[in-house]
>>> print(open('coords-v4.tsv').read())   # TSV, C-alpha atoms and all ligand atoms
chain	number	residue	atom	x	y	z
A	270	ASN	CA	124.78	-57.08	-20.47
A	271	ALA	CA	123.80	-53.85	-18.72
A	272	LEU	CA	123.02	-52.17	-22.06
A	273	ASN	CA	120.31	-54.69	-22.89
A	274	ALA	CA	116.72	-54.76	-21.75
A	275	LEU	CA	115.63	-57.96	-20.02
A	276	ASN	CA	113.71	-60.11	-22.49
A	277	PHE	CA	110.45	-61.34	-20.96
A	278	SER	CA	108.96	-61.92	-24.41
A	279	ALA	CA	106.98	-65.08	-25.13
A	280	GLY	CA	109.21	-65.81	-28.08
A	281	PRO	CA	111.66	-65.43	-29.58
A	282	GLY	CA	112.87	-65.40	-26.02
A	283	ALA	CA	116.01	-64.63	-24.07
A	284	LEU	CA	119.21	-66.60	-24.79
A	285	PRO	CA	122.12	-67.13	-22.37
A	286	GLY	CA	124.81	-64.43	-22.48
A	287	THR	CA	127.62	-66.92	-23.09
A	288	VAL	CA	125.68	-68.38	-26.03
A	289	LEU	CA	125.18	-64.91	-27.53
A	290	GLN	CA	128.89	-64.21	-27.20
A	291	ALA	CA	129.86	-67.48	-28.92
A	292	ALA	CA	127.25	-66.81	-31.64
A	293	GLN	CA	128.66	-63.32	-32.15
A	294	GLU	CA	132.16	-64.73	-32.54
A	295	ALA	CA	130.91	-67.37	-35.01
A	296	ILE	CA	129.37	-64.69	-37.24
A	297	VAL	CA	132.86	-63.35	-37.86
A	298	ALA	CA	134.61	-66.74	-37.87
A	299	VAL	CA	133.97	-70.13	-36.30
A	300	PRO	CA	137.24	-70.76	-34.42
A	301	GLU	CA	137.69	-74.37	-35.65
A	302	VAL	CA	136.97	-73.45	-39.28
A	303	GLY	CA	138.12	-69.91	-39.90
A	304	LEU	CA	134.98	-69.03	-41.85
A	305	SER	CA	131.83	-67.11	-40.90
A	306	ILE	CA	129.02	-69.37	-39.74
A	307	LEU	CA	126.85	-67.54	-42.28
A	308	GLY	CA	128.93	-68.93	-45.12
A	309	ILE	CA	129.87	-72.46	-44.04
A	310	SER	CA	128.66	-75.30	-46.25
A	311	HIS	CA	125.94	-77.45	-44.79
A	312	ARG	CA	127.76	-80.34	-46.51
A	313	SER	CA	131.00	-79.71	-44.60
A	314	ASP	CA	132.35	-82.21	-42.09
A	315	TRP	CA	132.22	-79.48	-39.47
A	316	PHE	CA	128.50	-78.96	-39.89
A	317	ALA	CA	127.84	-82.71	-39.84
A	318	SER	CA	129.64	-82.74	-36.48
A	319	VAL	CA	127.41	-79.86	-35.27
A	320	VAL	CA	124.27	-81.85	-36.11
A	321	ASP	CA	125.73	-84.99	-34.49
A	322	GLU	CA	126.66	-83.24	-31.26
A	323	THR	CA	123.32	-81.42	-31.08
A	324	GLU	CA	121.51	-84.73	-31.37
A	325	ARG	CA	123.84	-86.38	-28.84
A	326	ASN	CA	123.33	-83.56	-26.36
A	327	ILE	CA	119.55	-83.70	-26.66
A	328	ARG	CA	119.72	-87.46	-26.15
A	329	ARG	CA	121.81	-86.95	-23.02
A	330	LEU	CA	119.57	-84.22	-21.64
A	331	LEU	CA	116.43	-86.33	-22.14
A	332	ASP	CA	118.02	-89.72	-21.54
A	333	LEU	CA	116.34	-90.62	-24.81
A	334	PRO	CA	116.08	-94.32	-25.72
A	335	GLU	CA	117.48	-95.59	-29.05
A	336	THR	CA	113.92	-96.30	-30.19
A	337	HIS	CA	113.59	-92.56	-30.82
A	338	ALA	CA	115.22	-90.33	-33.43
A	339	VAL	CA	115.96	-86.60	-33.22
A	340	LEU	CA	115.28	-84.46	-36.30
A	341	LEU	CA	116.01	-80.81	-37.02
A	342	LEU	CA	113.36	-79.42	-39.37
A	343	GLN	CA	112.10	-76.08	-40.68
A	344	GLY	CA	108.63	-74.56	-40.92
A	345	GLY	CA	108.14	-73.92	-37.21
A	346	ALA	CA	105.66	-75.64	-34.95
A	347	THR	CA	102.93	-74.53	-37.36
A	348	LEU	CA	104.19	-76.88	-40.07
A	349	GLN	CA	104.00	-79.73	-37.55
A	350	PHE	CA	100.28	-78.94	-37.13
A	351	SER	CA	100.01	-80.21	-40.75
A	352	MET	CA	102.83	-82.75	-40.98
A	353	VAL	CA	101.54	-84.76	-38.03
A	354	PRO	CA	98.05	-85.43	-39.48
A	355	MET	CA	99.32	-85.75	-43.06
A	356	LEU	CA	101.61	-88.56	-42.05
A	357	LEU	CA	99.71	-90.16	-39.20
A	358	LEU	CA	96.00	-89.49	-39.77
A	359	ARG	CA	95.53	-89.49	-43.56
A	360	ASP	CA	94.42	-92.93	-44.80
A	361	SER	CA	94.59	-94.36	-41.26
A	362	GLY	CA	90.87	-95.17	-41.13
A	363	LYS	CA	90.89	-93.90	-37.56
A	364	ALA	CA	90.12	-90.65	-35.75
A	365	ALA	CA	92.76	-88.47	-34.11
A	366	GLU	CA	92.04	-87.11	-30.64
A	367	TYR	CA	92.93	-83.54	-29.68
A	368	VAL	CA	92.77	-81.51	-26.48
A	369	ARG	CA	91.59	-77.96	-27.21
A	370	GLY	CA	93.17	-76.27	-24.24
A	371	GLY	CA	94.20	-72.82	-25.45
A	372	TYR	CA	95.22	-70.65	-28.36
A	373	TRP	CA	97.90	-72.92	-29.83
A	374	SER	CA	96.06	-76.20	-29.52
A	375	ARG	CA	93.10	-74.42	-31.13
A	376	ARG	CA	95.37	-73.61	-34.06
A	377	SER	CA	96.52	-77.23	-34.33
A	378	ILE	CA	93.04	-78.65	-35.06
A	379	PRO	CA	91.89	-77.19	-38.44
A	380	PRO	CA	94.95	-78.57	-40.32
A	381	ALA	CA	94.21	-82.01	-38.84
A	382	ARG	CA	90.59	-81.87	-40.02
A	383	LEU	CA	91.89	-81.55	-43.60
A	384	GLU	CA	93.41	-85.02	-43.26
A	385	GLY	CA	90.73	-87.04	-41.49
A	386	GLU	CA	88.37	-87.31	-38.57
A	387	VAL	CA	89.25	-85.33	-35.47
A	388	ARG	CA	87.64	-85.79	-32.07
A	389	VAL	CA	88.04	-82.94	-29.62
A	390	LEU	CA	88.22	-84.74	-26.29
A	391	TRP	CA	88.08	-81.68	-24.11
A	392	ASP	CA	87.50	-78.01	-24.87
A	393	GLY	CA	88.59	-75.29	-22.47
A	394	GLU	CA	86.59	-72.55	-24.16
A	395	ALA	CA	83.61	-72.61	-21.77
A	396	LEU	CA	86.05	-72.24	-18.85
A	397	GLY	CA	87.86	-69.35	-20.53
A	398	TYR	CA	91.07	-71.38	-20.98
A	399	ARG	CA	92.10	-70.90	-17.38
A	400	ARG	CA	92.78	-74.53	-16.70
A	401	LEU	CA	93.51	-77.83	-18.44
A	402	PRO	CA	91.71	-81.16	-18.07
A	403	ALA	CA	92.43	-83.60	-15.28
A	404	ALA	CA	93.18	-87.18	-16.37
A	405	GLU	CA	89.66	-88.38	-15.52
A	406	GLU	CA	88.09	-85.73	-17.78
A	407	LEU	CA	89.77	-87.15	-20.87
A	408	HIS	CA	87.96	-90.14	-22.34
A	409	CYS	CA	90.71	-91.31	-24.66
A	410	SER	CA	89.86	-94.13	-27.03
A	411	PRO	CA	92.24	-97.08	-27.37
A	412	GLU	CA	91.44	-97.01	-31.11
A	413	ALA	CA	92.58	-93.45	-31.90
A	414	ALA	CA	95.14	-92.81	-34.67
A	415	TYR	CA	96.95	-90.69	-32.09
A	416	PHE	CA	96.37	-88.37	-29.15
A	417	HIS	CA	97.61	-84.78	-29.53
A	418	TYR	CA	98.04	-82.04	-26.95
A	419	VAL	CA	100.06	-78.89	-26.24
A	420	SER	CA	102.01	-79.27	-23.00
A	421	ASN	CA	102.27	-75.55	-22.27
A	422	GLU	CA	99.76	-73.07	-23.67
A	423	THR	CA	102.04	-70.11	-24.29
A	424	VAL	CA	99.29	-67.50	-24.67
A	425	GLU	CA	97.19	-68.31	-21.60
A	426	GLY	CA	100.08	-69.46	-19.40
A	427	ILE	CA	98.61	-72.84	-18.51
A	428	GLN	CA	100.65	-76.05	-18.41
A	429	PHE	CA	100.08	-79.76	-17.96
A	430	HIS	CA	102.04	-80.99	-14.95
A	431	GLU	CA	101.22	-84.62	-15.71
A	432	ILE	CA	101.35	-86.57	-18.95
A	433	PRO	CA	97.82	-87.20	-20.33
A	434	GLY	CA	96.75	-89.94	-22.78
A	435	ARG	CA	96.84	-93.75	-22.92
A	436	GLU	CA	100.02	-95.72	-23.27
A	437	GLU	CA	98.74	-97.86	-26.18
A	438	VAL	CA	97.85	-94.87	-28.40
A	439	PRO	CA	100.61	-92.79	-30.04
A	440	ARG	CA	101.09	-89.75	-27.84
A	441	ILE	CA	102.00	-86.57	-29.74
A	442	CYS	CA	102.87	-83.32	-28.05
A	443	ASP	CA	103.64	-79.75	-29.04
A	444	MET	CA	106.28	-78.81	-26.46
A	445	SER	CA	107.32	-75.60	-28.19
A	446	SER	CA	107.16	-73.52	-25.05
A	447	ASP	CA	108.43	-75.92	-22.39
A	448	PHE	CA	110.81	-78.37	-24.10
A	449	LEU	CA	114.06	-78.85	-22.12
A	450	SER	CA	112.69	-76.76	-19.24
A	451	ARG	CA	112.30	-79.82	-16.99
A	452	PRO	CA	113.02	-83.55	-17.11
A	453	PHE	CA	110.26	-85.88	-18.31
A	454	ASP	CA	109.95	-89.43	-19.57
A	455	ALA	CA	110.49	-88.87	-23.30
A	456	GLY	CA	110.15	-92.60	-23.97
A	457	ARG	CA	106.41	-92.28	-23.24
A	458	PHE	CA	105.98	-90.00	-26.27
A	459	ASP	CA	105.75	-91.14	-29.87
A	460	LEU	CA	106.31	-87.71	-31.34
A	461	ILE	CA	107.36	-84.45	-29.71
A	462	TYR	CA	107.90	-81.22	-31.59
A	463	ALA	CA	109.26	-77.92	-30.36
A	464	HIS	CA	110.39	-74.91	-32.30
A	465	ALA	CA	113.65	-73.42	-31.07
A	466	GLN	CA	112.71	-69.85	-30.32
A	467	LYS	CA	111.69	-70.25	-26.66
A	468	ASN	CA	114.12	-72.45	-24.79
A	469	LEU	CA	116.49	-73.73	-27.47
A	470	GLY	CA	117.78	-71.00	-29.75
A	471	PRO	CA	116.65	-68.61	-32.49
A	472	ALA	CA	113.70	-69.13	-34.84
A	473	GLY	CA	114.35	-71.20	-37.95
A	474	VAL	CA	114.72	-74.71	-36.61
A	475	THR	CA	112.17	-77.06	-35.08
A	476	LEU	CA	113.11	-80.16	-33.11
A	477	VAL	CA	111.22	-83.36	-33.61
A	478	VAL	CA	111.72	-86.40	-31.41
A	479	ILE	CA	110.01	-89.37	-33.00
A	480	ARG	CA	109.69	-93.06	-32.22
A	481	ARG	CA	111.19	-94.68	-35.29
A	482	ASP	CA	108.53	-97.37	-35.72
A	483	LEU	CA	105.80	-94.72	-35.97
A	484	LEU	CA	107.14	-94.10	-39.46
A	485	GLU	CA	105.94	-97.47	-40.71
A	486	ARG	CA	102.43	-96.02	-41.02
A	487	VAL	CA	103.26	-93.12	-43.34
A	488	PRO	CA	100.99	-93.13	-46.43
A	489	ALA	CA	102.23	-92.93	-50.02
A	490	LYS	CA	102.52	-89.65	-51.97
A	491	ILE	CA	103.89	-87.41	-49.27
A	492	PRO	CA	106.27	-84.78	-50.68
A	493	SER	CA	109.66	-85.76	-49.33
A	494	LEU	CA	110.38	-82.42	-47.66
A	495	LEU	CA	107.27	-83.09	-45.54
A	496	ASP	CA	108.18	-86.70	-44.81
A	497	TYR	CA	110.02	-87.42	-41.56
A	498	ARG	CA	111.66	-90.43	-43.24
A	499	ALA	CA	113.52	-88.25	-45.75
A	500	HIS	CA	114.95	-86.13	-42.94
A	501	LEU	CA	115.85	-89.18	-40.89
A	502	GLU	CA	117.72	-90.76	-43.80
A	503	ALA	CA	119.51	-87.51	-44.60
A	504	ARG	CA	120.44	-86.97	-40.92
A	505	SER	CA	118.56	-83.64	-40.95
A	506	ILE	CA	120.53	-82.34	-43.96
A	507	TYR	CA	118.00	-83.20	-46.66
A	508	ASN	CA	118.16	-79.70	-48.15
A	509	THR	CA	119.98	-76.59	-46.94
A	510	PRO	CA	119.17	-76.35	-43.24
A	511	PRO	CA	119.35	-73.17	-41.11
A	512	VAL	CA	123.03	-73.66	-40.25
A	513	PHE	CA	123.28	-70.67	-37.92
A	514	ALA	CA	120.10	-71.48	-35.98
A	515	ILE	CA	121.21	-75.09	-35.52
A	516	TYR	CA	124.65	-73.97	-34.32
A	517	VAL	CA	123.00	-71.77	-31.68
A	518	VAL	CA	120.85	-74.72	-30.57
A	519	LEU	CA	124.09	-76.68	-30.14
A	520	LEU	CA	125.51	-73.86	-28.00
A	521	VAL	CA	122.34	-73.85	-25.87
A	522	THR	CA	122.52	-77.62	-25.31
A	523	ARG	CA	126.17	-77.25	-24.23
A	524	TRP	CA	125.10	-74.47	-21.86
A	525	LEU	CA	122.39	-76.69	-20.39
A	526	LEU	CA	124.80	-79.58	-19.90
A	527	ASP	CA	127.97	-77.78	-18.84
A	528	GLU	CA	126.90	-74.50	-17.23
A	529	ILE	CA	123.49	-75.42	-15.80
A	530	GLY	CA	124.21	-79.09	-15.16
A	531	GLY	CA	121.23	-80.80	-16.78
A	532	LEU	CA	117.46	-80.69	-16.72
A	533	ASN	CA	116.93	-81.44	-13.02
A	534	ARG	CA	118.92	-78.37	-12.13
A	535	MET	CA	117.22	-76.34	-14.88
A	536	ALA	CA	113.80	-77.35	-13.54
A	537	GLU	CA	114.81	-76.30	-10.03
A	538	ILE	CA	115.83	-72.84	-11.25
A	539	ASN	CA	112.67	-72.52	-13.36
A	540	ARG	CA	110.54	-73.48	-10.35
A	541	ARG	CA	112.19	-70.81	-8.20
A	542	LYS	CA	111.61	-68.15	-10.87
A	543	ALA	CA	107.94	-69.07	-11.27
A	544	ASP	CA	107.40	-69.28	-7.49
A	545	ALA	CA	108.87	-65.81	-7.07
A	546	LEU	CA	106.47	-64.26	-9.61
A	547	TYR	CA	103.37	-66.16	-8.50
A	548	GLY	CA	104.27	-65.20	-4.94
A	549	ILE	CA	104.07	-61.52	-5.89
A	550	ILE	CA	100.75	-62.07	-7.70
A	551	ASP	CA	99.25	-63.93	-4.72
A	552	GLY	CA	100.62	-61.41	-2.26
A	553	HIS	CA	99.04	-58.47	-4.10
A	554	SER	CA	95.78	-60.00	-5.23
A	555	ASP	CA	94.02	-56.63	-5.18
A	556	ILE	CA	96.12	-55.44	-8.11
A	557	TYR	CA	97.55	-58.55	-9.79
A	558	LEU	CA	94.85	-60.99	-10.91
A	559	GLY	CA	96.46	-64.29	-11.90
A	560	TRP	CA	94.98	-65.76	-15.08
A	561	ALA	CA	95.54	-69.49	-14.58
A	562	ASN	CA	93.93	-71.72	-11.99
A	563	SER	CA	96.63	-72.60	-9.51
A	564	GLU	CA	96.97	-76.30	-10.45
A	565	HIS	CA	97.76	-75.49	-14.08
A	566	ARG	CA	99.92	-72.43	-13.67
A	567	SER	CA	102.68	-72.38	-16.25
A	568	LEU	CA	106.29	-72.30	-15.09
A	569	MET	CA	107.21	-70.63	-18.41
A	570	ASN	CA	104.57	-67.96	-19.07
A	571	VAL	CA	103.17	-66.12	-16.05
A	572	THR	CA	99.93	-64.40	-17.09
A	573	PHE	CA	97.91	-61.90	-15.11
A	574	ASN	CA	95.59	-58.94	-15.40
A	575	LEU	CA	95.40	-55.65	-13.55
A	576	PRO	CA	92.02	-54.22	-12.50
A	577	THR	CA	91.63	-52.11	-15.68
A	578	PRO	CA	93.12	-52.13	-19.20
A	579	GLU	CA	94.38	-48.59	-18.52
A	580	LEU	CA	96.34	-49.78	-15.50
A	581	GLU	CA	97.72	-52.68	-17.58
A	582	GLN	CA	98.94	-50.17	-20.14
A	583	THR	CA	100.58	-48.05	-17.46
A	584	PHE	CA	102.18	-51.15	-15.98
A	585	ALA	CA	103.59	-52.32	-19.32
A	586	ALA	CA	104.83	-48.84	-20.23
A	587	GLU	CA	106.54	-48.26	-16.88
A	588	ALA	CA	108.02	-51.76	-16.94
A	589	ALA	CA	109.42	-51.16	-20.44
A	590	LYS	CA	110.94	-47.88	-19.26
A	591	ALA	CA	112.55	-49.74	-16.36
A	592	GLY	CA	114.15	-52.23	-18.78
A	593	PHE	CA	111.64	-55.12	-18.65
A	594	SER	CA	110.80	-55.84	-22.27
A	595	GLY	CA	108.04	-57.98	-23.80
A	596	LEU	CA	105.53	-58.03	-20.93
A	597	LYS	CA	102.45	-57.16	-22.94
A	598	GLY	CA	100.03	-60.10	-23.16
A	599	HIS	CA	99.21	-61.87	-26.44
A	600	ARG	CA	97.09	-59.79	-28.84
A	601	SER	CA	94.22	-62.30	-28.50
A	602	LEU	CA	94.06	-62.13	-24.71
A	603	GLY	CA	95.48	-58.82	-23.51
A	604	GLY	CA	96.73	-58.55	-19.95
A	605	ILE	CA	100.34	-59.05	-18.93
A	606	ARG	CA	102.56	-62.05	-19.60
A	607	ALA	CA	106.03	-62.54	-18.16
A	608	SER	CA	107.79	-65.32	-20.04
A	609	ILE	CA	110.59	-66.85	-18.05
A	610	TYR	CA	112.20	-69.38	-20.34
A	611	ASN	CA	115.39	-71.24	-19.44
A	612	ALA	CA	117.75	-68.36	-20.20
A	613	MET	CA	115.91	-65.82	-18.05
A	614	THR	CA	117.90	-65.61	-14.84
A	615	LEU	CA	116.55	-65.76	-11.30
A	616	ASP	CA	118.23	-62.38	-10.68
A	617	ALA	CA	116.28	-60.82	-13.54
A	618	VAL	CA	113.03	-62.33	-12.30
A	619	GLU	CA	113.76	-60.98	-8.82
A	620	SER	CA	114.25	-57.50	-10.31
A	621	LEU	CA	110.85	-57.81	-12.00
A	622	CYS	CA	109.36	-58.89	-8.67
A	623	GLY	CA	110.87	-55.78	-7.09
A	624	PHE	CA	109.32	-53.61	-9.80
A	625	MET	CA	105.93	-55.28	-9.29
A	626	THR	CA	106.02	-54.80	-5.52
A	627	ASP	CA	106.90	-51.17	-5.99
A	628	PHE	CA	104.19	-50.67	-8.64
A	629	ALA	CA	101.62	-52.27	-6.32
A	630	SER	CA	102.54	-49.96	-3.45
A	631	ARG	CA	102.30	-46.92	-5.70
A	632	SER	CA	98.85	-48.00	-6.92
A	633	ASP	CA	97.35	-48.37	-3.44
A	701	LIG	N1	102.83	-73.95	-30.58
A	701	LIG	C1	103.11	-73.23	-29.48
A	701	LIG	C2	102.92	-73.86	-28.12
A	701	LIG	C3	103.57	-71.92	-29.61
A	701	LIG	O1	103.85	-71.21	-28.51
A	701	LIG	C4	103.74	-71.36	-30.89
A	701	LIG	C5	104.23	-69.94	-31.12
A	701	LIG	N2	104.48	-69.17	-30.06
A	701	LIG	C6	103.45	-72.15	-32.02
A	701	LIG	C7	103.00	-73.44	-31.82
A	701	LIG	C8	103.64	-71.63	-33.42
A	701	LIG	O2	105.00	-71.70	-33.70
A	701	LIG	P1	105.72	-71.22	-35.03
A	701	LIG	O3	105.58	-69.74	-35.07
A	701	LIG	O4	107.12	-71.70	-34.87
A	701	LIG	O5	105.03	-71.89	-36.18
>>> encode(input="coords-v4.tsv", output="structure tokens")
Amino acid sequence: NALNALNFSAGPGALPGTVLQAAQEAIVAVPEVGLSILGISHRSDWFASVVDETERNIRRLLDLPETHAVLLLQGGATLQFSMVPMLLLRDSGKAAEYVRGGYWSRRSIPPARLEGEVRVLWDGEALGYRRLPAAEELHCSPEAAYFHYVSNETVEGIQFHEIPGREEVPRICDMSSDFLSRPFDAGRFDLIYAHAQKNLGPAGVTLVVIRRDLLERVPAKIPSLLDYRAHLEARSIYNTPPVFAIYVVLLVTRWLLDEIGGLNRMAEINRRKADALYGIIDGHSDIYLGWANSEHRSLMNVTFNLPTPELEQTFAAEAAKAGFSGLKGHRSLGGIRASIYNAMTLDAVESLCGFMTDFASRSD
């Protein structure tokens, strides 16, 4: 839509135009139902079919084995920082192992310490969070309650391109900022969580993919709203869920399957977008200073600095004026961050590249 700015925000992020149009229509009336999506009962047959299809589509996209369940929860990724250790660390008699690789994995650790022993296996602080550990730097214990990491550090723009951890220890991953951006072997994970507001839809719903037999370890006295088992039994309709947000997630999964053609194709497009931006950064290294070490560059959040904070401000202001929204870096880190989630088009990224080339030539 020519009237809209391009959304390079780190989240809530851009959504596909066709999804926005269908969502707009559903606010007035869902075609199959004749009622506004904002007033449809979560106990209706129609909504049960929305949840079913969403789950089916995610299963298809990930080629998810039957050993794993898909849940649609609330509370964002932040609630998972607590739910995971409440259910899987408390009373386990074991320690949980965490990678402290950036802002969000840092935030995941204090809630875990409330529930039991936490071992930080690797801490990126001394290296300024510009890279992530290589496999041989992680001394994972075979006895851990679980191993937890964040696959893509949204703030710093660093991403694991391989799956860390040991196969015999439950592997738990916060994939909030790269879920469904590329294919991966979901069967190797025991629990994955991802809030919707990057690649999947609007804020309000969080996806959890969980290996069913992990739930055998859950301790007693967990409030049921915080217990994965209650949501599994209720097929994600334990209490009133965010009906609209879930519907938009369904529309996004249809878009991924029918318009994009699956995760291999999505990954190819995402790779081309990231290569285009990193190409500009590398080609103008006097003015664009890439944040991440090259082997851990994120394909979702491209972070860089300019030589001075003043020049960064000028860059962000001029970019905003030119229609590129959301480029200012995270408040904890500063700098510039271009987030290029699934729905950001290659065309839009190429326009940003054009702006950056032009800005570089003007700053010579
Ligand atoms: N984990 C990651 C990787 C994130 O990027 C974010 C937010 N951007 C969060 C967790 C926190 O998510 P929420 O606001 O949904 O709790």
>>> residues_near_ligand(input="coords-v4.tsv", ligand="ligand LIG 701 (chain A)", cutoff="9 Å", atoms="only C-alpha atoms and all ligand atoms", output="JSON, numbers by chain")
{"A": [279, 280, 281, 343, 344, 345, 346, 347, 348, 349, 350, 372, 373, 374, 376, 377, 419, 420, 421, 422, 423, 424, 443, 444, 445, 446, 447, 462, 463, 464, 465, 466, 467, 472, 473, 474, 475]}
>>> residues_around(input="coords-v4.tsv", residues="Trp524 (chain A)", least_positions_apart="2", cutoff="12 Å", atoms="all atoms listed in the file", output="compact mmCIF listing (two decimals) with C-alpha atoms, keeping the file's coordinate frame")
# COMPACT_ATOMS: atom_id res chain seq x y z
CA LEU A 284 119.21 -66.60 -24.79
CA PRO A 285 122.12 -67.13 -22.37
CA GLY A 286 124.81 -64.43 -22.48
CA THR A 287 127.62 -66.92 -23.09
CA VAL A 288 125.68 -68.38 -26.03
CA LEU A 289 125.18 -64.91 -27.53
CA ALA A 291 129.86 -67.48 -28.92
CA THR A 323 123.32 -81.42 -31.08
CA ASN A 326 123.33 -83.56 -26.36
CA ILE A 327 119.55 -83.70 -26.66
CA LEU A 330 119.57 -84.22 -21.64
CA LEU A 449 114.06 -78.85 -22.12
CA ASN A 468 114.12 -72.45 -24.79
CA LEU A 469 116.49 -73.73 -27.47
CA GLY A 470 117.78 -71.00 -29.75
CA VAL A 517 123.00 -71.77 -31.68
CA VAL A 518 120.85 -74.72 -30.57
CA LEU A 519 124.09 -76.68 -30.14
CA LEU A 520 125.51 -73.86 -28.00
CA VAL A 521 122.34 -73.85 -25.87
CA THR A 522 122.52 -77.62 -25.31
CA LEU A 526 124.80 -79.58 -19.90
CA ASP A 527 127.97 -77.78 -18.84
CA GLU A 528 126.90 -74.50 -17.23
CA ILE A 529 123.49 -75.42 -15.80
CA GLY A 530 124.21 -79.09 -15.16
CA GLY A 531 121.23 -80.80 -16.78
CA LEU A 532 117.46 -80.69 -16.72
CA MET A 535 117.22 -76.34 -14.88
CA ASN A 611 115.39 -71.24 -19.44
CA ALA A 612 117.75 -68.36 -20.20
>>> atom_distance(input="coords-v4.tsv", atom1="CA of Arg440 (chain A)", atom2="CA of Ala395 (chain A)")
25.2 Å
>>> closest_residue(input="coords-v4.tsv", among="A:Arg382, A:Lys363, A:His599, A:Arg435", to="Ala413 (chain A)", atoms="all atoms listed in the file")
A:Lys363
>>> atom_distance(input="coords-v4.tsv", atom1="CA of Gly371 (chain A)", atom2="CA of Ala629 (chain A)")
29.0 Å
>>> closest_residue(input="coords-v4.tsv", among="A:Cys409, A:Cys622, A:Ile296, A:Leu390", to="Gly548 (chain A)", atoms="all atoms listed in the file")
A:Cys622
>>> residues_around(input="coords-v4.tsv", residues="Ser632 (chain A)", least_positions_apart="5", cutoff="12 Å", atoms="all atoms listed in the file", output="PyMOL selection string")
chain A and resi 553+555-557+575-576+580-581+583-584+625-627
>>> write_last_selection(input="coords-v4.tsv", atoms="C-alpha atoms", output="PDB file, in the coordinates of the input")
ATOM      1  CA  HIS A 553      99.040 -58.470  -4.100  1.00  0.00           C
ATOM      2  CA  ASP A 555      94.020 -56.630  -5.180  1.00  0.00           C
ATOM      3  CA  ILE A 556      96.120 -55.440  -8.110  1.00  0.00           C
ATOM      4  CA  TYR A 557      97.550 -58.550  -9.790  1.00  0.00           C
ATOM      5  CA  LEU A 575      95.400 -55.650 -13.550  1.00  0.00           C
ATOM      6  CA  PRO A 576      92.020 -54.220 -12.500  1.00  0.00           C
ATOM      7  CA  LEU A 580      96.340 -49.780 -15.500  1.00  0.00           C
ATOM      8  CA  GLU A 581      97.720 -52.680 -17.580  1.00  0.00           C
ATOM      9  CA  THR A 583     100.580 -48.050 -17.460  1.00  0.00           C
ATOM     10  CA  PHE A 584     102.180 -51.150 -15.980  1.00  0.00           C
ATOM     11  CA  MET A 625     105.930 -55.280  -9.290  1.00  0.00           C
ATOM     12  CA  THR A 626     106.020 -54.800  -5.520  1.00  0.00           C
ATOM     13  CA  ASP A 627     106.900 -51.170  -5.990  1.00  0.00           C
TER      14      ASP A 627
END
>>> residues_around(input="coords-v4.tsv", residues="Ser410 (chain A)", least_positions_apart="2", cutoff="9 Å", atoms="all atoms listed in the file", output="list in words")
Glu366, His408, Glu412, Ala413, Phe416, Arg435 and Val438 of chain A
>>> residues_around(input="coords-v4.tsv", residues="Glu436 (chain A)", least_positions_apart="2", cutoff="9 Å", atoms="all atoms listed in the file", output="list of chain:residue names")
A:Pro411, A:Gly434, A:Val438, A:Pro439, A:Arg440, A:Arg457, A:Phe458
>>> write_last_selection(input="coords-v4.tsv", atoms="C-alpha atoms", output="tab-separated table (two decimals), keeping the file's coordinate frame")
chain	number	residue	atom	x	y	z
A	411	PRO	CA	92.24	-97.08	-27.37
A	434	GLY	CA	96.75	-89.94	-22.78
A	438	VAL	CA	97.85	-94.87	-28.40
A	439	PRO	CA	100.61	-92.79	-30.04
A	440	ARG	CA	101.09	-89.75	-27.84
A	457	ARG	CA	106.41	-92.28	-23.24
A	458	PHE	CA	105.98	-90.00	-26.27
>>> closest_residue(input="coords-v4.tsv", among="A:Ala499, A:Ile515, A:Ala545, A:Ile427", to="Val319 (chain A)", atoms="only C-alpha atoms")
A:Ile515
>>> atom_distance(input="coords-v4.tsv", atom1="CA of Ile506 (chain A)", atom2="CA of Ile479 (chain A)")
16.7 Å
>>> residues_around(input="coords-v4.tsv", residues="Asp544 (chain A)", least_positions_apart="6", cutoff="10 Å", atoms="all atoms listed in the file", output="PyMOL selection string")
chain A and resi 538+550+568
>>> closest_residue(input="coords-v4.tsv", among="A:Leu495, A:Val368, A:Val389, A:Leu558", to="Leu401 (chain A)", atoms="only C-alpha atoms")
A:Val368
>>> closest_residue(input="coords-v4.tsv", among="A:Leu396, A:Val320, A:Ala298, A:Leu275", to="Ser505 (chain A)", atoms="all atoms listed in the file")
A:Val320
>>> closest_residue(input="coords-v4.tsv", among="A:Leu383, A:Met352, A:Ile609, A:Leu525", to="Pro492 (chain A)", atoms="only C-alpha atoms")
A:Met352
>>> axis_aligned_box(input="coords-v4.tsv", around="region 278-281 of chain A", padding_each_side="8 Å", output="lines of an AutoDock Vina configuration file")
center_x = 109.3
center_y = -63.9
center_z = -27.0
size_x = 20.7
size_y = 19.9
size_z = 21.2
